[in-house]
$ cat input_21.cif   # mmCIF, N, CA and C atoms
data_data
#
loop_
_atom_site.group_PDB
_atom_site.id
_atom_site.type_symbol
_atom_site.label_atom_id
_atom_site.label_comp_id
_atom_site.auth_asym_id
_atom_site.auth_seq_id
_atom_site.Cartn_x
_atom_site.Cartn_y
_atom_site.Cartn_z
ATOM 1 N N MET A 1 24.690 -9.131 45.761
ATOM 2 C CA MET A 1 24.572 -8.268 44.608
ATOM 3 C C MET A 1 23.642 -7.106 44.976
ATOM 4 N N SER A 2 24.054 -5.883 44.677
ATOM 5 C CA SER A 2 23.231 -4.711 44.991
ATOM 6 C C SER A 2 22.090 -4.561 43.988
ATOM 7 N N ASP A 3 21.118 -3.729 44.338
ATOM 8 C CA ASP A 3 20.002 -3.464 43.420
ATOM 9 C C ASP A 3 20.515 -2.913 42.095
ATOM 10 N N THR A 4 21.500 -2.025 42.158
ATOM 11 C CA THR A 4 22.050 -1.435 40.940
ATOM 12 C C THR A 4 22.681 -2.508 40.063
ATOM 13 N N GLU A 5 23.438 -3.409 40.669
ATOM 14 C CA GLU A 5 24.062 -4.488 39.897
ATOM 15 C C GLU A 5 23.012 -5.423 39.316
ATOM 16 N N THR A 6 21.977 -5.704 40.088
ATOM 17 C CA THR A 6 20.893 -6.554 39.602
ATOM 18 C C THR A 6 20.198 -5.902 38.417
ATOM 19 N N ASN A 7 19.908 -4.610 38.529
ATOM 20 C CA ASN A 7 19.262 -3.886 37.428
ATOM 21 C C ASN A 7 20.156 -3.837 36.207
ATOM 22 N N GLU A 8 21.439 -3.622 36.398
ATOM 23 C CA GLU A 8 22.385 -3.572 35.267
ATOM 24 C C GLU A 8 22.436 -4.924 34.557
ATOM 25 N N ALA A 9 22.426 -6.008 35.331
ATOM 26 C CA ALA A 9 22.440 -7.346 34.737
ATOM 27 C C ALA A 9 21.158 -7.602 33.950
ATOM 28 N N LEU A 10 20.031 -7.157 34.496
ATOM 29 C CA LEU A 10 18.754 -7.318 33.799
ATOM 30 C C LEU A 10 18.748 -6.520 32.505
ATOM 31 N N ILE A 11 19.208 -5.292 32.562
ATOM 32 C CA ILE A 11 19.275 -4.449 31.361
ATOM 33 C C ILE A 11 20.153 -5.105 30.304
ATOM 34 N N ALA A 12 21.294 -5.612 30.713
ATOM 35 C CA ALA A 12 22.199 -6.270 29.767
ATOM 36 C C ALA A 12 21.527 -7.476 29.119
ATOM 37 N N ARG A 13 20.816 -8.264 29.929
ATOM 38 C CA ARG A 13 20.149 -9.459 29.387
ATOM 39 C C ARG A 13 19.024 -9.081 28.434
ATOM 40 N N LEU A 14 18.232 -8.079 28.793
ATOM 41 C CA LEU A 14 17.086 -7.702 27.966
ATOM 42 C C LEU A 14 17.483 -7.001 26.680
ATOM 43 N N THR A 15 18.653 -6.389 26.652
ATOM 44 C CA THR A 15 19.071 -5.666 25.447
ATOM 45 C C THR A 15 20.056 -6.455 24.588
ATOM 46 N N ASP A 16 20.456 -7.633 25.044
ATOM 47 C CA ASP A 16 21.365 -8.479 24.275
ATOM 48 C C ASP A 16 20.584 -9.191 23.178
ATOM 49 N N GLU A 17 20.929 -8.902 21.925
ATOM 50 C CA GLU A 17 20.219 -9.507 20.788
ATOM 51 C C GLU A 17 20.354 -11.017 20.753
ATOM 52 N N ARG A 18 21.362 -11.562 21.405
ATOM 53 C CA ARG A 18 21.567 -13.011 21.400
ATOM 54 C C ARG A 18 20.805 -13.705 22.515
ATOM 55 N N SER A 19 20.208 -12.939 23.408
ATOM 56 C CA SER A 19 19.459 -13.513 24.521
ATOM 57 C C SER A 19 18.119 -14.050 24.012
ATOM 58 N N PRO A 20 17.833 -15.325 24.261
ATOM 59 C CA PRO A 20 16.571 -15.886 23.760
ATOM 60 C C PRO A 20 15.358 -15.299 24.478
ATOM 61 N N VAL A 21 14.291 -15.176 23.746
ATOM 62 C CA VAL A 21 13.026 -14.719 24.310
ATOM 63 C C VAL A 21 12.097 -15.924 24.348
ATOM 64 N N ARG A 22 11.588 -16.219 25.528
ATOM 65 C CA ARG A 22 10.710 -17.373 25.672
ATOM 66 C C ARG A 22 9.299 -16.912 25.994
ATOM 67 N N ALA A 23 8.337 -17.453 25.296
ATOM 68 C CA ALA A 23 6.934 -17.142 25.581
ATOM 69 C C ALA A 23 6.512 -17.901 26.829
ATOM 70 N N SER A 24 5.711 -17.255 27.661
ATOM 71 C CA SER A 24 5.234 -17.946 28.866
ATOM 72 C C SER A 24 4.070 -18.869 28.544
ATOM 73 N N THR A 25 3.386 -18.609 27.445
ATOM 74 C CA THR A 25 2.292 -19.464 26.972
ATOM 75 C C THR A 25 2.350 -19.495 25.454
ATOM 76 N N GLU A 26 1.519 -20.319 24.865
ATOM 77 C CA GLU A 26 1.423 -20.334 23.412
ATOM 78 C C GLU A 26 0.849 -18.999 22.944
ATOM 79 N N PRO A 27 1.384 -18.435 21.850
ATOM 80 C CA PRO A 27 0.854 -17.167 21.349
ATOM 81 C C PRO A 27 -0.602 -17.313 20.904
ATOM 82 N N LEU A 28 -1.376 -16.286 21.143
ATOM 83 C CA LEU A 28 -2.766 -16.277 20.702
ATOM 84 C C LEU A 28 -2.844 -15.647 19.319
ATOM 85 N N THR A 29 -3.820 -16.084 18.532
ATOM 86 C CA THR A 29 -4.038 -15.505 17.213
ATOM 87 C C THR A 29 -5.533 -15.309 17.005
ATOM 88 N N GLY A 30 -5.866 -14.518 16.012
ATOM 89 C CA GLY A 30 -7.251 -14.342 15.610
ATOM 90 C C GLY A 30 -8.171 -13.854 16.713
ATOM 91 N N ALA A 31 -9.344 -14.468 16.786
ATOM 92 C CA ALA A 31 -10.368 -14.046 17.744
ATOM 93 C C ALA A 31 -9.888 -14.200 19.183
ATOM 94 N N ALA A 32 -9.111 -15.238 19.458
ATOM 95 C CA ALA A 32 -8.613 -15.443 20.826
ATOM 96 C C ALA A 32 -7.691 -14.300 21.235
ATOM 97 N N ALA A 33 -6.842 -13.837 20.310
ATOM 98 C CA ALA A 33 -5.946 -12.711 20.602
ATOM 99 C C ALA A 33 -6.752 -11.434 20.807
ATOM 100 N N SER A 34 -7.751 -11.246 19.978
ATOM 101 C CA SER A 34 -8.605 -10.068 20.101
ATOM 102 C C SER A 34 -9.328 -10.046 21.447
ATOM 103 N N GLU A 35 -9.891 -11.181 21.834
ATOM 104 C CA GLU A 35 -10.604 -11.272 23.111
ATOM 105 C C GLU A 35 -9.667 -11.040 24.289
ATOM 106 N N ALA A 36 -8.458 -11.605 24.226
ATOM 107 C CA ALA A 36 -7.493 -11.431 25.311
ATOM 108 C C ALA A 36 -7.051 -9.975 25.405
ATOM 109 N N GLY A 37 -6.840 -9.337 24.260
ATOM 110 C CA GLY A 37 -6.454 -7.928 24.253
ATOM 111 C C GLY A 37 -7.542 -7.043 24.823
ATOM 112 N N ARG A 38 -8.775 -7.304 24.451
ATOM 113 C CA ARG A 38 -9.902 -6.522 24.973
ATOM 114 C C ARG A 38 -10.043 -6.719 26.477
ATOM 115 N N ALA A 39 -9.918 -7.956 26.934
ATOM 116 C CA ALA A 39 -10.004 -8.227 28.371
ATOM 117 C C ALA A 39 -8.886 -7.510 29.125
ATOM 118 N N PHE A 40 -7.691 -7.494 28.552
ATOM 119 C CA PHE A 40 -6.569 -6.792 29.177
ATOM 120 C C PHE A 40 -6.866 -5.298 29.296
ATOM 121 N N LEU A 41 -7.326 -4.696 28.190
ATOM 122 C CA LEU A 41 -7.628 -3.258 28.204
ATOM 123 C C LEU A 41 -8.768 -2.930 29.160
ATOM 124 N N LEU A 42 -9.793 -3.764 29.186
ATOM 125 C CA LEU A 42 -10.883 -3.536 30.136
ATOM 126 C C LEU A 42 -10.381 -3.616 31.576
ATOM 127 N N GLY A 43 -9.463 -4.533 31.829
ATOM 128 C CA GLY A 43 -8.888 -4.650 33.162
ATOM 129 C C GLY A 43 -8.087 -3.419 33.549
ATOM 130 N N LYS A 44 -7.393 -2.836 32.576
ATOM 131 C CA LYS A 44 -6.572 -1.650 32.845
ATOM 132 C C LYS A 44 -7.398 -0.372 32.871
ATOM 133 N N CYS A 45 -8.344 -0.249 31.947
ATOM 134 C CA CYS A 45 -9.086 1.003 31.780
ATOM 135 C C CYS A 45 -10.440 1.002 32.485
ATOM 136 N N GLY A 46 -11.063 -0.153 32.618
ATOM 137 C CA GLY A 46 -12.314 -0.248 33.355
ATOM 138 C C GLY A 46 -13.577 -0.273 32.526
ATOM 139 N N SER A 47 -13.569 0.349 31.332
ATOM 140 C CA SER A 47 -14.782 0.358 30.512
ATOM 141 C C SER A 47 -14.417 0.628 29.056
ATOM 142 N N ASP A 48 -15.382 0.334 28.163
ATOM 143 C CA ASP A 48 -15.161 0.628 26.749
ATOM 144 C C ASP A 48 -14.963 2.128 26.527
ATOM 145 N N ALA A 49 -15.737 2.933 27.255
ATOM 146 C CA ALA A 49 -15.614 4.395 27.114
ATOM 147 C C ALA A 49 -14.219 4.865 27.517
ATOM 148 N N ALA A 50 -13.670 4.292 28.580
ATOM 149 C CA ALA A 50 -12.332 4.674 29.026
ATOM 150 C C ALA A 50 -11.266 4.240 28.014
ATOM 151 N N ILE A 51 -11.465 3.083 27.388
ATOM 152 C CA ILE A 51 -10.537 2.632 26.342
ATOM 153 C C ILE A 51 -10.572 3.592 25.165
ATOM 154 N N GLU A 52 -11.776 3.956 24.740
ATOM 155 C CA GLU A 52 -11.921 4.897 23.626
ATOM 156 C C GLU A 52 -11.284 6.243 23.953
ATOM 157 N N GLU A 53 -11.454 6.714 25.182
ATOM 158 C CA GLU A 53 -10.848 7.990 25.590
ATOM 159 C C GLU A 53 -9.321 7.879 25.587
ATOM 160 N N ALA A 54 -8.794 6.770 26.072
ATOM 161 C CA ALA A 54 -7.335 6.577 26.069
ATOM 162 C C ALA A 54 -6.809 6.557 24.638
ATOM 163 N N ASP A 55 -7.523 5.903 23.728
ATOM 164 C CA ASP A 55 -7.119 5.897 22.317
ATOM 165 C C ASP A 55 -7.170 7.301 21.725
ATOM 166 N N ARG A 56 -8.228 8.051 22.061
ATOM 167 C CA ARG A 56 -8.360 9.406 21.530
ATOM 168 C C ARG A 56 -7.224 10.291 22.018
ATOM 169 N N VAL A 57 -6.926 10.217 23.312
ATOM 170 C CA VAL A 57 -5.855 11.028 23.888
ATOM 171 C C VAL A 57 -4.504 10.648 23.283
ATOM 172 N N ALA A 58 -4.300 9.365 23.035
ATOM 173 C CA ALA A 58 -3.038 8.901 22.466
ATOM 174 C C ALA A 58 -2.939 9.175 20.971
ATOM 175 N N GLY A 59 -4.042 9.574 20.357
ATOM 176 C CA GLY A 59 -4.028 9.855 18.930
ATOM 177 C C GLY A 59 -4.161 8.625 18.063
ATOM 178 N N ALA A 60 -4.690 7.563 18.620
ATOM 179 C CA ALA A 60 -4.833 6.318 17.859
ATOM 180 C C ALA A 60 -5.979 6.401 16.869
#
$ encode --input "input_21.cif" --output "structure tokens"
Amino acid sequence: MSDTETNEALIARLTDERSPVRASTEPLTGAAASEAGRAFLLGKCGSDAAIEEADRVAGA
């Protein structure tokens, strides 16, 4: 299977409304979700100041 065919198959699977979506872990809620989200953003942005700047630039 070529890369194009593989990508087309992936696109078809991801856009098919009948395709089940499976969580890789149990969903987080409340404080645990907040902490995980903050840790993710810190990992991507590096600091609270960088997160705030990204929010400002995005218009959040």
$ axis_aligned_box --input "input_21.cif" --around "range 33-46 of chain A" --padding-each-side "3 Å" --output "AutoDock Vina command-line options"
--center_x -9.8 --center_y -6.4 --center_z 26.8 --size_x 13.6 --size_y 20.8 --size_z 19.6
$ atom_distance --input "input_21.cif" --atom1 "atom C of Met1 in chain A" --atom2 "atom C of Ser24 in chain A"
28.1 Å
$ atom_distance --input "input_21.cif" --atom1 "CA of Val57 in chain A" --atom2 "atom C of Ala33 in chain A"
22.7 Å
$ atom_distance --input "input_21.cif" --atom1 "atom C of Ala32 in chain A" --atom2 "atom N of Ser47 in chain A"
18.7 Å
$ select_by_dssp --input "input_21.cif" --residues "chain A" --states "helix (DSSP H, G or I)" --output "ChimeraX atom specification"
/A:3-15,30-45,48-58
$ write_last_selection --input "input_21.cif" --atoms "N, CA and C atoms" --output "compact mmCIF listing (two decimals), in the frame of the given file"
# COMPACT_ATOMS: atom_id res chain seq x y z
N ASP A 3 21.12 -3.73 44.34
CA ASP A 3 20.00 -3.46 43.42
C ASP A 3 20.52 -2.91 42.10
N THR A 4 21.50 -2.02 42.16
CA THR A 4 22.05 -1.44 40.94
C THR A 4 22.68 -2.51 40.06
N GLU A 5 23.44 -3.41 40.67
CA GLU A 5 24.06 -4.49 39.90
C GLU A 5 23.01 -5.42 39.32
N THR A 6 21.98 -5.70 40.09
CA THR A 6 20.89 -6.55 39.60
C THR A 6 20.20 -5.90 38.42
N ASN A 7 19.91 -4.61 38.53
CA ASN A 7 19.26 -3.89 37.43
C ASN A 7 20.16 -3.84 36.21
N GLU A 8 21.44 -3.62 36.40
CA GLU A 8 22.38 -3.57 35.27
C GLU A 8 22.44 -4.92 34.56
N ALA A 9 22.43 -6.01 35.33
CA ALA A 9 22.44 -7.35 34.74
C ALA A 9 21.16 -7.60 33.95
N LEU A 10 20.03 -7.16 34.50
CA LEU A 10 18.75 -7.32 33.80
C LEU A 10 18.75 -6.52 32.51
N ILE A 11 19.21 -5.29 32.56
CA ILE A 11 19.27 -4.45 31.36
C ILE A 11 20.15 -5.11 30.30
N ALA A 12 21.29 -5.61 30.71
CA ALA A 12 22.20 -6.27 29.77
C ALA A 12 21.53 -7.48 29.12
N ARG A 13 20.82 -8.26 29.93
CA ARG A 13 20.15 -9.46 29.39
C ARG A 13 19.02 -9.08 28.43
N LEU A 14 18.23 -8.08 28.79
CA LEU A 14 17.09 -7.70 27.97
C LEU A 14 17.48 -7.00 26.68
N THR A 15 18.65 -6.39 26.65
CA THR A 15 19.07 -5.67 25.45
C THR A 15 20.06 -6.46 24.59
N GLY A 30 -5.87 -14.52 16.01
CA GLY A 30 -7.25 -14.34 15.61
C GLY A 30 -8.17 -13.85 16.71
N ALA A 31 -9.34 -14.47 16.79
CA ALA A 31 -10.37 -14.05 17.74
C ALA A 31 -9.89 -14.20 19.18
N ALA A 32 -9.11 -15.24 19.46
CA ALA A 32 -8.61 -15.44 20.83
C ALA A 32 -7.69 -14.30 21.24
N ALA A 33 -6.84 -13.84 20.31
CA ALA A 33 -5.95 -12.71 20.60
C ALA A 33 -6.75 -11.43 20.81
N SER A 34 -7.75 -11.25 19.98
CA SER A 34 -8.60 -10.07 20.10
C SER A 34 -9.33 -10.05 21.45
N GLU A 35 -9.89 -11.18 21.83
CA GLU A 35 -10.60 -11.27 23.11
C GLU A 35 -9.67 -11.04 24.29
N ALA A 36 -8.46 -11.60 24.23
CA ALA A 36 -7.49 -11.43 25.31
C ALA A 36 -7.05 -9.98 25.40
N GLY A 37 -6.84 -9.34 24.26
CA GLY A 37 -6.45 -7.93 24.25
C GLY A 37 -7.54 -7.04 24.82
N ARG A 38 -8.78 -7.30 24.45
CA ARG A 38 -9.90 -6.52 24.97
C ARG A 38 -10.04 -6.72 26.48
N ALA A 39 -9.92 -7.96 26.93
CA ALA A 39 -10.00 -8.23 28.37
C ALA A 39 -8.89 -7.51 29.12
N PHE A 40 -7.69 -7.49 28.55
CA PHE A 40 -6.57 -6.79 29.18
C PHE A 40 -6.87 -5.30 29.30
N LEU A 41 -7.33 -4.70 28.19
CA LEU A 41 -7.63 -3.26 28.20
C LEU A 41 -8.77 -2.93 29.16
N LEU A 42 -9.79 -3.76 29.19
CA LEU A 42 -10.88 -3.54 30.14
C LEU A 42 -10.38 -3.62 31.58
N GLY A 43 -9.46 -4.53 31.83
CA GLY A 43 -8.89 -4.65 33.16
C GLY A 43 -8.09 -3.42 33.55
N LYS A 44 -7.39 -2.84 32.58
CA LYS A 44 -6.57 -1.65 32.84
C LYS A 44 -7.40 -0.37 32.87
N CYS A 45 -8.34 -0.25 31.95
CA CYS A 45 -9.09 1.00 31.78
C CYS A 45 -10.44 1.00 32.48
N ASP A 48 -15.38 0.33 28.16
CA ASP A 48 -15.16 0.63 26.75
C ASP A 48 -14.96 2.13 26.53
N ALA A 49 -15.74 2.93 27.26
CA ALA A 49 -15.61 4.39 27.11
C ALA A 49 -14.22 4.86 27.52
N ALA A 50 -13.67 4.29 28.58
CA ALA A 50 -12.33 4.67 29.03
C ALA A 50 -11.27 4.24 28.01
N ILE A 51 -11.46 3.08 27.39
CA ILE A 51 -10.54 2.63 26.34
C ILE A 51 -10.57 3.59 25.16
N GLU A 52 -11.78 3.96 24.74
CA GLU A 52 -11.92 4.90 23.63
C GLU A 52 -11.28 6.24 23.95
N GLU A 53 -11.45 6.71 25.18
CA GLU A 53 -10.85 7.99 25.59
C GLU A 53 -9.32 7.88 25.59
N ALA A 54 -8.79 6.77 26.07
CA ALA A 54 -7.34 6.58 26.07
C ALA A 54 -6.81 6.56 24.64
N ASP A 55 -7.52 5.90 23.73
CA ASP A 55 -7.12 5.90 22.32
C ASP A 55 -7.17 7.30 21.72
N ARG A 56 -8.23 8.05 22.06
CA ARG A 56 -8.36 9.41 21.53
C ARG A 56 -7.22 10.29 22.02
N VAL A 57 -6.93 10.22 23.31
CA VAL A 57 -5.86 11.03 23.89
C VAL A 57 -4.50 10.65 23.28
N ALA A 58 -4.30 9.36 23.04
CA ALA A 58 -3.04 8.90 22.47
C ALA A 58 -2.94 9.18 20.97
